[in-house]
Amino acid sequence: MTISRTSWWAAGWLLMAAWALSFPLLSTLEPHRLWGWCAATGYLAAAGACALRRPRTALALAMAGAVAVPLLWLVLTGQGQSEVAVIERSGRLLLETGSPYVNGPAGVRDYTPYLPGMALLGVPRALLGDEGWMLRLLGDARIWCAAVLFGGMWGGRRLLGVRGVVFSALVASPVIALPLAVSGVDLPLAGLCCLALGAAAAGRPVLAGAVLAALCSLKWTAWPAVPVAVVLVACLWGRRAAVRCGALSVAGAAVLVLPAALLQPTELVRQVVAFPTGRAAVPTPASSPLPGRLLTELAPWGWYVTVGLLLVGGLAVALSLVLRPPRTLVAAADRLALGLTLAFLLAPAGRFGYLALPVLLVLWARTTAPAPVASRIVAGAGRVPVTVLDRA
């Protein structure tokens, strides 16, 4: 007896409901608890709608429970993880001083562990204020983080000529719904990674380089996307295109980061490098029991071992790009996801939530259905076609 697609969807919503219920039962963070109750209700209702063979209604209920209701409630009541306030403060400082960093941070909330580009997502709050529910909503950094995510995912698909495939279920899943409602800080990275890989696969090296420059100005953890995208461009469109892509990404990132680095070099190193890696005077709140964190806490030498393993993992991924370069969108997304996963697992400090980024990359690439196959002849390769899209 075969199981219908509707039954599979119902089972998926039930699993998501069980995951969401773990937050009000186990988490001590009020925004996470609220999201858990709302999302679990939406997922359970979606499972019921699937049982009644109403898949579109199920998707709408899941979106309402996991995304719309908790996001609007948390934004309008001023609740969220501390990252939201940090981004909005950095946007205000960027407008006032030209740099997003607090001088001589005294506590954990004074640190801004992001590169200057992230502050741009906090500028709307500085410009709009928070008087009235409309301005409070439009100025919230989570809304702009979501805009970059959805714009990047949609733009990457458009560049590849994708037709007739929606990813609403992916948005409603905990991979996006939870960070979108409570924080949003890593979502712009995911959106720009999707757009950069899409541009690289579609033969738009200049656009890919510009997107990579913007990506690299947000967080240094996004830098592995540059070699992956450049290698993908080289495989599909030739070395000259790859050089243009790589040069623009490096030069553009330097232009975006250099002003703040010149204004506050000490603070940039202390807050962007030392703080996230656990070497600042104030301990980072990113303390999930991942391998790197656990190893760091074993002994004073644990931090150096962790950093060594992190470097070895990075070199291994870099070597894989040389020995077995990715030639399809899916292969490139998988390689980038692998590198990011190793980085997050082996970092001296990290959170389980960081792993949502590589998961999202893998899912986005696989839910990007192929348009008619686009092939080209690589210069000098004669009869060898290179397929732009491949779901294998």
# chains A, B, ... in the order shown; residues from 1 in each chain; ligands from 1
>>> closest_atom_pairs(of="region 54-124 of chain A", to="region 11-35 of chain A", cutoff="10 Å", atoms="only C-alpha atoms", output="Markdown table")
| residue | atom | partner | partner_atom | distance |
| --- | --- | --- | --- | --- |
| A:Ala58 | CA | A:Trp13 | CA | 8.9 |
| A:Leu59 | CA | A:Trp13 | CA | 9.5 |
| A:Ala62 | CA | A:Trp13 | CA | 8.2 |
| A:Gly65 | CA | A:Trp35 | CA | 8.5 |
| A:Ala66 | CA | A:Trp35 | CA | 6.9 |
| A:Val67 | CA | A:Trp35 | CA | 8.5 |
| A:Val69 | CA | A:Trp35 | CA | 8.7 |
| A:Pro70 | CA | A:Trp35 | CA | 5.6 |
| A:Leu71 | CA | A:Trp35 | CA | 8.3 |
| A:Trp73 | CA | A:Leu34 | CA | 9.3 |
| A:Leu74 | CA | A:Pro31 | CA | 7.1 |
| A:Gln79 | CA | A:Pro31 | CA | 6.6 |
| A:Gly80 | CA | A:Pro31 | CA | 5.7 |
| A:Gln81 | CA | A:Pro31 | CA | 7.3 |
>>> write_last_selection(atoms="C-alpha atoms", output="mmCIF file, in the first residue's frame")
data_model
loop_
_atom_site.group_PDB
_atom_site.id
_atom_site.type_symbol
_atom_site.label_atom_id
_atom_site.label_comp_id
_atom_site.auth_asym_id
_atom_site.auth_seq_id
_atom_site.Cartn_x
_atom_site.Cartn_y
_atom_site.Cartn_z
ATOM 1 C CA ALA A 58 -2.549 23.718 5.441
ATOM 2 C CA LEU A 59 0.270 25.876 4.097
ATOM 3 C CA ALA A 62 1.427 26.930 8.968
ATOM 4 C CA GLY A 65 1.149 30.166 13.063
ATOM 5 C CA ALA A 66 4.913 29.935 12.522
ATOM 6 C CA VAL A 67 5.627 33.255 10.817
ATOM 7 C CA VAL A 69 1.461 35.811 14.201
ATOM 8 C CA PRO A 70 4.672 35.469 16.259
ATOM 9 C CA LEU A 71 6.619 37.915 14.071
ATOM 10 C CA TRP A 73 3.426 40.099 18.000
ATOM 11 C CA LEU A 74 7.130 40.179 18.871
ATOM 12 C CA GLN A 79 10.436 41.612 22.008
ATOM 13 C CA GLY A 80 13.210 39.601 20.407
ATOM 14 C CA GLN A 81 16.733 38.378 20.858
#
>>> select_by_dssp(residues="region 132-310 of chain A", states="alpha helix (DSSP H)", output="PyMOL selection string")
chain A and resi 133-139+141-159+168-172+174-182+187-201+205-216+225-237+239-263+265-268+291-296+302-310
>>> residues_around(residues="region 118-129 of chain A", least_positions_apart="4", cutoff="7 Å", atoms="only C-alpha atoms", output="PyMOL selection string")
chain A and resi 87-92+94+100+114+135-136+139-141+144-145+218
>>> write_last_selection(atoms="C-alpha atoms", output="CSV table (one decimal), in the first residue's frame")
chain,number,residue,atom,x,y,z
A,87,ILE,CA,21.7,45.8,14.7
A,88,GLU,CA,19.4,48.8,15.2
A,89,ARG,CA,21.9,50.5,17.5
A,90,SER,CA,24.7,49.9,15.0
A,91,GLY,CA,22.5,51.6,12.3
A,92,ARG,CA,22.1,54.6,14.5
A,94,LEU,CA,26.6,54.5,11.6
A,100,PRO,CA,28.7,51.0,13.9
A,114,TYR,CA,29.2,42.0,12.8
A,135,LEU,CA,6.7,52.8,11.9
A,136,ARG,CA,7.6,50.3,14.6
A,139,GLY,CA,11.7,50.0,11.2
A,140,ASP,CA,12.3,46.7,12.8
A,141,ALA,CA,15.6,45.1,11.7
A,144,TRP,CA,14.7,44.1,6.5
A,145,CYS,CA,16.6,40.9,7.3
A,218,LEU,CA,27.9,41.5,6.9
>>> residues_around(residues="region 242-250 of chain A", least_positions_apart="2", cutoff="9 Å", atoms="only C-alpha atoms", output="PDB file with all heavy atoms, in the first residue's frame")
ATOM      1  N   ALA A 200      26.202  33.117 -10.134  1.00  0.00           N
ATOM      2  CA  ALA A 200      27.367  32.385 -10.635  1.00  0.00           C
ATOM      3  C   ALA A 200      26.954  31.291 -11.607  1.00  0.00           C
ATOM      4  O   ALA A 200      27.565  31.114 -12.667  1.00  0.00           O
ATOM      5  CB  ALA A 200      28.139  31.788  -9.461  1.00  0.00           C
ATOM      6  N   ARG A 204      26.484  35.223 -14.622  1.00  0.00           N
ATOM      7  CA  ARG A 204      26.495  36.655 -14.314  1.00  0.00           C
ATOM      8  C   ARG A 204      27.611  36.936 -13.311  1.00  0.00           C
ATOM      9  O   ARG A 204      27.357  37.217 -12.142  1.00  0.00           O
ATOM     10  CB  ARG A 204      25.141  37.074 -13.747  1.00  0.00           C
ATOM     11  CG  ARG A 204      23.943  36.781 -14.644  1.00  0.00           C
ATOM     12  CD  ARG A 204      23.866  37.761 -15.803  1.00  0.00           C
ATOM     13  NE  ARG A 204      23.644  39.100 -15.317  1.00  0.00           N
ATOM     14  CZ  ARG A 204      22.436  39.585 -15.048  1.00  0.00           C
ATOM     15  NH1 ARG A 204      21.358  38.835 -15.230  1.00  0.00           N
ATOM     16  NH2 ARG A 204      22.302  40.819 -14.628  1.00  0.00           N
ATOM     17  N   PRO A 205      28.880  36.855 -13.728  1.00  0.00           N
ATOM     18  CA  PRO A 205      30.000  36.968 -12.784  1.00  0.00           C
ATOM     19  C   PRO A 205      30.090  38.321 -12.095  1.00  0.00           C
ATOM     20  O   PRO A 205      30.478  38.400 -10.928  1.00  0.00           O
ATOM     21  CB  PRO A 205      31.227  36.692 -13.654  1.00  0.00           C
ATOM     22  CG  PRO A 205      30.803  37.017 -15.050  1.00  0.00           C
ATOM     23  CD  PRO A 205      29.361  36.646 -15.113  1.00  0.00           C
ATOM     24  N   VAL A 206      29.766  39.399 -12.811  1.00  0.00           N
ATOM     25  CA  VAL A 206      29.842  40.730 -12.201  1.00  0.00           C
ATOM     26  C   VAL A 206      28.793  40.864 -11.102  1.00  0.00           C
ATOM     27  O   VAL A 206      29.069  41.368 -10.004  1.00  0.00           O
ATOM     28  CB  VAL A 206      29.671  41.823 -13.270  1.00  0.00           C
ATOM     29  CG1 VAL A 206      29.597  43.203 -12.623  1.00  0.00           C
ATOM     30  CG2 VAL A 206      30.824  41.771 -14.263  1.00  0.00           C
ATOM     31  N   LEU A 207      27.576  40.423 -11.399  1.00  0.00           N
ATOM     32  CA  LEU A 207      26.523  40.459 -10.384  1.00  0.00           C
ATOM     33  C   LEU A 207      26.897  39.578  -9.200  1.00  0.00           C
ATOM     34  O   LEU A 207      26.722  39.958  -8.037  1.00  0.00           O
ATOM     35  CB  LEU A 207      25.197  39.997 -10.987  1.00  0.00           C
ATOM     36  CG  LEU A 207      24.019  39.902 -10.016  1.00  0.00           C
ATOM     37  CD1 LEU A 207      23.724  41.247  -9.375  1.00  0.00           C
ATOM     38  CD2 LEU A 207      22.774  39.362 -10.727  1.00  0.00           C
ATOM     39  N   ALA A 208      27.419  38.387  -9.478  1.00  0.00           N
ATOM     40  CA  ALA A 208      27.832  37.493  -8.394  1.00  0.00           C
ATOM     41  C   ALA A 208      28.890  38.147  -7.526  1.00  0.00           C
ATOM     42  O   ALA A 208      28.852  38.063  -6.293  1.00  0.00           O
ATOM     43  CB  ALA A 208      28.355  36.179  -8.971  1.00  0.00           C
ATOM     44  N   GLY A 209      29.868  38.826  -8.152  1.00  0.00           N
ATOM     45  CA  GLY A 209      30.907  39.498  -7.382  1.00  0.00           C
ATOM     46  C   GLY A 209      30.356  40.617  -6.519  1.00  0.00           C
ATOM     47  O   GLY A 209      30.771  40.788  -5.366  1.00  0.00           O
ATOM     48  N   ALA A 210      29.417  41.390  -7.051  1.00  0.00           N
ATOM     49  CA  ALA A 210      28.817  42.472  -6.277  1.00  0.00           C
ATOM     50  C   ALA A 210      28.030  41.927  -5.083  1.00  0.00           C
ATOM     51  O   ALA A 210      28.100  42.471  -3.976  1.00  0.00           O
ATOM     52  CB  ALA A 210      27.911  43.311  -7.172  1.00  0.00           C
ATOM     53  N   VAL A 211      27.287  40.850  -5.310  1.00  0.00           N
ATOM     54  CA  VAL A 211      26.531  40.245  -4.209  1.00  0.00           C
ATOM     55  C   VAL A 211      27.474  39.673  -3.160  1.00  0.00           C
ATOM     56  O   VAL A 211      27.239  39.808  -1.950  1.00  0.00           O
ATOM     57  CB  VAL A 211      25.589  39.154  -4.753  1.00  0.00           C
ATOM     58  CG1 VAL A 211      24.897  38.423  -3.602  1.00  0.00           C
ATOM     59  CG2 VAL A 211      24.550  39.759  -5.680  1.00  0.00           C
ATOM     60  N   LEU A 212      28.545  39.034  -3.591  1.00  0.00           N
ATOM     61  CA  LEU A 212      29.522  38.498  -2.648  1.00  0.00           C
ATOM     62  C   LEU A 212      30.165  39.610  -1.832  1.00  0.00           C
ATOM     63  O   LEU A 212      30.444  39.436  -0.635  1.00  0.00           O
ATOM     64  CB  LEU A 212      30.589  37.711  -3.394  1.00  0.00           C
ATOM     65  CG  LEU A 212      30.156  36.364  -3.978  1.00  0.00           C
ATOM     66  CD1 LEU A 212      31.240  35.816  -4.901  1.00  0.00           C
ATOM     67  CD2 LEU A 212      29.850  35.358  -2.868  1.00  0.00           C
ATOM     68  N   ALA A 213      30.417  40.765  -2.444  1.00  0.00           N
ATOM     69  CA  ALA A 213      30.972  41.892  -1.706  1.00  0.00           C
ATOM     70  C   ALA A 213      30.026  42.331  -0.591  1.00  0.00           C
ATOM     71  O   ALA A 213      30.448  42.562   0.547  1.00  0.00           O
ATOM     72  CB  ALA A 213      31.251  43.056  -2.662  1.00  0.00           C
ATOM     73  N   ALA A 214      28.730  42.440  -0.921  1.00  0.00           N
ATOM     74  CA  ALA A 214      27.750  42.794   0.106  1.00  0.00           C
ATOM     75  C   ALA A 214      27.673  41.731   1.190  1.00  0.00           C
ATOM     76  O   ALA A 214      27.597  42.035   2.387  1.00  0.00           O
ATOM     77  CB  ALA A 214      26.377  42.990  -0.543  1.00  0.00           C
ATOM     78  N   LEU A 215      27.730  40.471   0.777  1.00  0.00           N
ATOM     79  CA  LEU A 215      27.682  39.357   1.728  1.00  0.00           C
ATOM     80  C   LEU A 215      28.863  39.410   2.692  1.00  0.00           C
ATOM     81  O   LEU A 215      28.701  39.246   3.904  1.00  0.00           O
ATOM     82  CB  LEU A 215      27.671  38.046   0.953  1.00  0.00           C
ATOM     83  CG  LEU A 215      27.731  36.740   1.746  1.00  0.00           C
ATOM     84  CD1 LEU A 215      26.487  36.579   2.607  1.00  0.00           C
ATOM     85  CD2 LEU A 215      27.876  35.558   0.803  1.00  0.00           C
ATOM     86  N   CYS A 216      30.055  39.665   2.160  1.00  0.00           N
ATOM     87  CA  CYS A 216      31.262  39.667   2.986  1.00  0.00           C
ATOM     88  C   CYS A 216      31.340  40.871   3.912  1.00  0.00           C
ATOM     89  O   CYS A 216      32.169  40.887   4.826  1.00  0.00           O
ATOM     90  CB  CYS A 216      32.501  39.616   2.109  1.00  0.00           C
ATOM     91  SG  CYS A 216      32.709  38.050   1.239  1.00  0.00           S
ATOM     92  N   VAL A 226      32.842  33.052  -1.111  1.00  0.00           N
ATOM     93  CA  VAL A 226      33.599  33.639  -2.234  1.00  0.00           C
ATOM     94  C   VAL A 226      34.325  32.570  -3.053  1.00  0.00           C
ATOM     95  O   VAL A 226      34.127  32.481  -4.271  1.00  0.00           O
ATOM     96  CB  VAL A 226      34.575  34.720  -1.720  1.00  0.00           C
ATOM     97  CG1 VAL A 226      35.447  35.226  -2.869  1.00  0.00           C
ATOM     98  CG2 VAL A 226      33.800  35.876  -1.100  1.00  0.00           C
ATOM     99  N   PRO A 227      35.186  31.739  -2.435  1.00  0.00           N
ATOM    100  CA  PRO A 227      35.869  30.740  -3.270  1.00  0.00           C
ATOM    101  C   PRO A 227      34.922  29.743  -3.920  1.00  0.00           C
ATOM    102  O   PRO A 227      35.159  29.307  -5.049  1.00  0.00           O
ATOM    103  CB  PRO A 227      36.823  30.045  -2.288  1.00  0.00           C
ATOM    104  CG  PRO A 227      36.297  30.350  -0.931  1.00  0.00           C
ATOM    105  CD  PRO A 227      35.658  31.683  -1.039  1.00  0.00           C
ATOM    106  N   ALA A 229      31.782  30.261  -4.974  1.00  0.00           N
ATOM    107  CA  ALA A 229      31.128  30.895  -6.125  1.00  0.00           C
ATOM    108  C   ALA A 229      32.116  31.133  -7.253  1.00  0.00           C
ATOM    109  O   ALA A 229      31.790  30.946  -8.436  1.00  0.00           O
ATOM    110  CB  ALA A 229      30.482  32.209  -5.685  1.00  0.00           C
ATOM    111  N   VAL A 230      33.330  31.538  -6.922  1.00  0.00           N
ATOM    112  CA  VAL A 230      34.338  31.801  -7.956  1.00  0.00           C
ATOM    113  C   VAL A 230      34.695  30.514  -8.693  1.00  0.00           C
ATOM    114  O   VAL A 230      34.824  30.501  -9.928  1.00  0.00           O
ATOM    115  CB  VAL A 230      35.587  32.446  -7.328  1.00  0.00           C
ATOM    116  CG1 VAL A 230      36.741  32.472  -8.323  1.00  0.00           C
ATOM    117  CG2 VAL A 230      35.272  33.859  -6.858  1.00  0.00           C
ATOM    118  N   VAL A 231      34.849  29.421  -7.966  1.00  0.00           N
ATOM    119  CA  VAL A 231      35.155  28.140  -8.614  1.00  0.00           C
ATOM    120  C   VAL A 231      33.994  27.693  -9.499  1.00  0.00           C
ATOM    121  O   VAL A 231      34.202  27.176 -10.603  1.00  0.00           O
ATOM    122  CB  VAL A 231      35.488  27.071  -7.552  1.00  0.00           C
ATOM    123  CG1 VAL A 231      35.547  25.680  -8.177  1.00  0.00           C
ATOM    124  CG2 VAL A 231      36.815  27.390  -6.876  1.00  0.00           C
ATOM    125  N   LEU A 232      32.765  27.904  -9.046  1.00  0.00           N
ATOM    126  CA  LEU A 232      31.603  27.557  -9.872  1.00  0.00           C
ATOM    127  C   LEU A 232      31.604  28.368 -11.159  1.00  0.00           C
ATOM    128  O   LEU A 232      31.333  27.827 -12.256  1.00  0.00           O
ATOM    129  CB  LEU A 232      30.313  27.806  -9.086  1.00  0.00           C
ATOM    130  CG  LEU A 232      29.003  27.482  -9.816  1.00  0.00           C
ATOM    131  CD1 LEU A 232      28.933  26.010 -10.183  1.00  0.00           C
ATOM    132  CD2 LEU A 232      27.798  27.887  -8.961  1.00  0.00           C
ATOM    133  N   VAL A 233      31.903  29.662 -11.074  1.00  0.00           N
ATOM    134  CA  VAL A 233      31.988  30.494 -12.273  1.00  0.00           C
ATOM    135  C   VAL A 233      33.083  29.988 -13.202  1.00  0.00           C
ATOM    136  O   VAL A 233      32.902  29.899 -14.422  1.00  0.00           O
ATOM    137  CB  VAL A 233      32.240  31.969 -11.884  1.00  0.00           C
ATOM    138  CG1 VAL A 233      32.550  32.795 -13.134  1.00  0.00           C
ATOM    139  CG2 VAL A 233      31.037  32.549 -11.167  1.00  0.00           C
ATOM    140  N   ALA A 234      34.238  29.633 -12.628  1.00  0.00           N
ATOM    141  CA  ALA A 234      35.347  29.147 -13.445  1.00  0.00           C
ATOM    142  C   ALA A 234      34.980  27.869 -14.186  1.00  0.00           C
ATOM    143  O   ALA A 234      35.321  27.692 -15.362  1.00  0.00           O
ATOM    144  CB  ALA A 234      36.575  28.910 -12.569  1.00  0.00           C
ATOM    145  N   CYS A 235      34.278  26.975 -13.520  1.00  0.00           N
ATOM    146  CA  CYS A 235      33.898  25.705 -14.144  1.00  0.00           C
ATOM    147  C   CYS A 235      32.884  25.899 -15.264  1.00  0.00           C
ATOM    148  O   CYS A 235      32.942  25.206 -16.287  1.00  0.00           O
ATOM    149  CB  CYS A 235      33.338  24.749 -13.092  1.00  0.00           C
ATOM    150  SG  CYS A 235      34.560  24.111 -11.929  1.00  0.00           S
ATOM    151  N   TRP A 237      31.885  29.064 -16.762  1.00  0.00           N
ATOM    152  CA  TRP A 237      31.971  30.199 -17.678  1.00  0.00           C
ATOM    153  C   TRP A 237      33.400  30.651 -17.971  1.00  0.00           C
ATOM    154  O   TRP A 237      33.589  31.650 -18.660  1.00  0.00           O
ATOM    155  CB  TRP A 237      31.166  31.378 -17.120  1.00  0.00           C
ATOM    156  CG  TRP A 237      29.789  30.970 -16.765  1.00  0.00           C
ATOM    157  CD1 TRP A 237      29.300  30.742 -15.511  1.00  0.00           C
ATOM    158  CD2 TRP A 237      28.706  30.688 -17.655  1.00  0.00           C
ATOM    159  NE1 TRP A 237      27.988  30.351 -15.557  1.00  0.00           N
ATOM    160  CE2 TRP A 237      27.589  30.303 -16.878  1.00  0.00           C
ATOM    161  CE3 TRP A 237      28.562  30.731 -19.045  1.00  0.00           C
ATOM    162  CZ2 TRP A 237      26.376  29.962 -17.432  1.00  0.00           C
ATOM    163  CZ3 TRP A 237      27.339  30.385 -19.597  1.00  0.00           C
ATOM    164  CH2 TRP A 237      26.263  30.015 -18.802  1.00  0.00           C
ATOM    165  N   GLY A 238      34.384  29.949 -17.436  1.00  0.00           N
ATOM    166  CA  GLY A 238      35.758  30.262 -17.802  1.00  0.00           C
ATOM    167  C   GLY A 238      36.511  31.067 -16.756  1.00  0.00           C
ATOM    168  O   GLY A 238      35.928  31.642 -15.845  1.00  0.00           O
ATOM    169  N   ARG A 239      37.837  31.106 -16.926  1.00  0.00           N
ATOM    170  CA  ARG A 239      38.696  31.741 -15.917  1.00  0.00           C
ATOM    171  C   ARG A 239      38.548  33.256 -15.882  1.00  0.00           C
ATOM    172  O   ARG A 239      38.609  33.868 -14.812  1.00  0.00           O
ATOM    173  CB  ARG A 239      40.152  31.363 -16.189  1.00  0.00           C
ATOM    174  CG  ARG A 239      40.452  29.891 -15.951  1.00  0.00           C
ATOM    175  CD  ARG A 239      41.931  29.606 -16.139  1.00  0.00           C
ATOM    176  NE  ARG A 239      42.221  28.191 -15.885  1.00  0.00           N
ATOM    177  CZ  ARG A 239      43.433  27.659 -15.981  1.00  0.00           C
ATOM    178  NH1 ARG A 239      44.471  28.425 -16.332  1.00  0.00           N
ATOM    179  NH2 ARG A 239      43.616  26.379 -15.737  1.00  0.00           N
ATOM    180  N   ARG A 240      38.387  33.876 -17.053  1.00  0.00           N
ATOM    181  CA  ARG A 240      38.262  35.334 -17.056  1.00  0.00           C
ATOM    182  C   ARG A 240      37.041  35.788 -16.269  1.00  0.00           C
ATOM    183  O   ARG A 240      37.095  36.766 -15.516  1.00  0.00           O
ATOM    184  CB  ARG A 240      38.190  35.841 -18.489  1.00  0.00           C
ATOM    185  CG  ARG A 240      39.493  35.707 -19.264  1.00  0.00           C
ATOM    186  CD  ARG A 240      39.375  36.356 -20.635  1.00  0.00           C
ATOM    187  NE  ARG A 240      40.628  36.262 -21.377  1.00  0.00           N
ATOM    188  CZ  ARG A 240      40.812  36.737 -22.599  1.00  0.00           C
ATOM    189  NH1 ARG A 240      39.791  37.339 -23.232  1.00  0.00           N
ATOM    190  NH2 ARG A 240      41.985  36.623 -23.199  1.00  0.00           N
ATOM    191  N   GLY A 252      35.058  45.110  -3.585  1.00  0.00           N
ATOM    192  CA  GLY A 252      33.817  45.668  -3.055  1.00  0.00           C
ATOM    193  C   GLY A 252      33.710  45.507  -1.554  1.00  0.00           C
ATOM    194  O   GLY A 252      33.295  46.436  -0.837  1.00  0.00           O
ATOM    195  N   ALA A 253      34.085  44.341  -1.032  1.00  0.00           N
ATOM    196  CA  ALA A 253      34.052  44.126   0.415  1.00  0.00           C
ATOM    197  C   ALA A 253      35.017  45.065   1.126  1.00  0.00           C
ATOM    198  O   ALA A 253      34.703  45.603   2.197  1.00  0.00           O
ATOM    199  CB  ALA A 253      34.393  42.672   0.731  1.00  0.00           C
ATOM    200  N   ALA A 254      36.186  45.280   0.533  1.00  0.00           N
ATOM    201  CA  ALA A 254      37.160  46.197   1.140  1.00  0.00           C
ATOM    202  C   ALA A 254      36.603  47.614   1.215  1.00  0.00           C
ATOM    203  O   ALA A 254      36.759  48.308   2.236  1.00  0.00           O
ATOM    204  CB  ALA A 254      38.460  46.176   0.343  1.00  0.00           C
ATOM    205  N   VAL A 255      35.937  48.057   0.151  1.00  0.00           N
ATOM    206  CA  VAL A 255      35.358  49.401   0.142  1.00  0.00           C
ATOM    207  C   VAL A 255      34.295  49.545   1.233  1.00  0.00           C
ATOM    208  O   VAL A 255      34.192  50.595   1.894  1.00  0.00           O
ATOM    209  CB  VAL A 255      34.762  49.706  -1.244  1.00  0.00           C
ATOM    210  CG1 VAL A 255      33.912  50.979  -1.209  1.00  0.00           C
ATOM    211  CG2 VAL A 255      35.872  49.849  -2.272  1.00  0.00           C
TER     212      VAL A 255
END
>>> residues_around(residues="Leu137 (chain A)", least_positions_apart="6", cutoff="9 Å", atoms="only C-alpha atoms", output="ChimeraX atom specification")
/A:72,75-76,130,143
>>> residues_around(residues="Leu311 (chain A)", least_positions_apart="4", cutoff="12 Å", atoms="only C-alpha atoms", output="PyMOL selection string")
chain A and resi 304-307+315-318+339+342-343+346-347
>>> residues_around(residues="Ala337 (chain A)", least_positions_apart="5", cutoff="7 Å", atoms="only C-alpha atoms", output="list in words")
Pro358, Leu361 and Val362 of chain A
>>> closest_residue(among="A:Leu195, A:Leu93, A:Ala10, A:Met134", to="Arg54 (chain A)", atoms="only C-alpha atoms")
A:Ala10
>>> atom_distance(atom1="CA of Thr341 (chain A)", atom2="CA of Gly292 (chain A)")
11.8 Å
>>> closest_residue(among="A:Gly198, A:Pro113, A:Pro348, A:Gly191", to="Gly161 (chain A)", atoms="only C-alpha atoms")
A:Gly198
>>> atom_distance(atom1="CA of Arg142 (chain A)", atom2="CA of Pro179 (chain A)")
9.0 Å
>>> closest_residue(among="A:Pro289, A:Pro188, A:Gly36, A:Pro300", to="Gly151 (chain A)", atoms="only C-alpha atoms")
A:Pro188
>>> decode(residues="region 79-84 of chain A", atoms="all heavy atoms", output="JSON list (two decimals), in the first residue's frame")
[["chain", "number", "residue", "atom", "x", "y", "z"],
["A", 79, "GLN", "N", 9.72, 42.76, 21.49],
["A", 79, "GLN", "CA", 10.44, 41.61, 22.01],
["A", 79, "GLN", "C", 11.30, 40.98, 20.92],
["A", 79, "GLN", "O", 11.02, 41.11, 19.73],
["A", 79, "GLN", "CB", 9.46, 40.56, 22.53],
["A", 79, "GLN", "CG", 8.56, 41.03, 23.66],
["A", 79, "GLN", "CD", 7.65, 39.92, 24.14],
["A", 79, "GLN", "OE1", 8.10, 38.92, 24.67],
["A", 79, "GLN", "NE2", 6.35, 40.10, 23.95],
["A", 80, "GLY", "N", 12.33, 40.28, 21.34],
["A", 80, "GLY", "CA", 13.21, 39.60, 20.41],
["A", 80, "GLY", "C", 14.54, 39.33, 21.06],
["A", 80, "GLY", "O", 14.81, 39.76, 22.19],
["A", 81, "GLN", "N", 15.39, 38.61, 20.35],
["A", 81, "GLN", "CA", 16.73, 38.38, 20.86],
["A", 81, "GLN", "C", 17.53, 39.68, 20.83],
["A", 81, "GLN", "O", 17.20, 40.62, 20.10],
["A", 81, "GLN", "CB", 17.44, 37.29, 20.03],
["A", 81, "GLN", "CG", 16.86, 35.91, 20.24],
["A", 81, "GLN", "CD", 17.61, 34.83, 19.49],
["A", 81, "GLN", "OE1", 17.11, 33.72, 19.36],
["A", 81, "GLN", "NE2", 18.80, 35.13, 18.96],
["A", 82, "SER", "N", 18.60, 39.71, 21.60],
["A", 82, "SER", "CA", 19.39, 40.94, 21.71],
["A", 82, "SER", "C", 19.99, 41.38, 20.38],
["A", 82, "SER", "O", 20.30, 42.56, 20.20],
["A", 82, "SER", "CB", 20.50, 40.74, 22.74],
["A", 82, "SER", "OG", 21.36, 39.68, 22.35],
["A", 83, "GLU", "N", 20.15, 40.44, 19.43],
["A", 83, "GLU", "CA", 20.73, 40.80, 18.14],
["A", 83, "GLU", "C", 19.94, 41.89, 17.42],
["A", 83, "GLU", "O", 20.50, 42.71, 16.69],
["A", 83, "GLU", "CB", 20.82, 39.57, 17.23],
["A", 83, "GLU", "CG", 21.81, 38.53, 17.69],
["A", 83, "GLU", "CD", 21.18, 37.48, 18.59],
["A", 83, "GLU", "OE1", 20.16, 37.80, 19.22],
["A", 83, "GLU", "OE2", 21.71, 36.37, 18.64],
["A", 84, "VAL", "N", 18.63, 41.91, 17.62],
["A", 84, "VAL", "CA", 17.80, 42.91, 16.95],
["A", 84, "VAL", "C", 18.18, 44.31, 17.42],
["A", 84, "VAL", "O", 18.40, 45.23, 16.61],
["A", 84, "VAL", "CB", 16.30, 42.64, 17.21],
["A", 84, "VAL", "CG1", 15.45, 43.69, 16.52],
["A", 84, "VAL", "CG2", 15.91, 41.25, 16.74]]
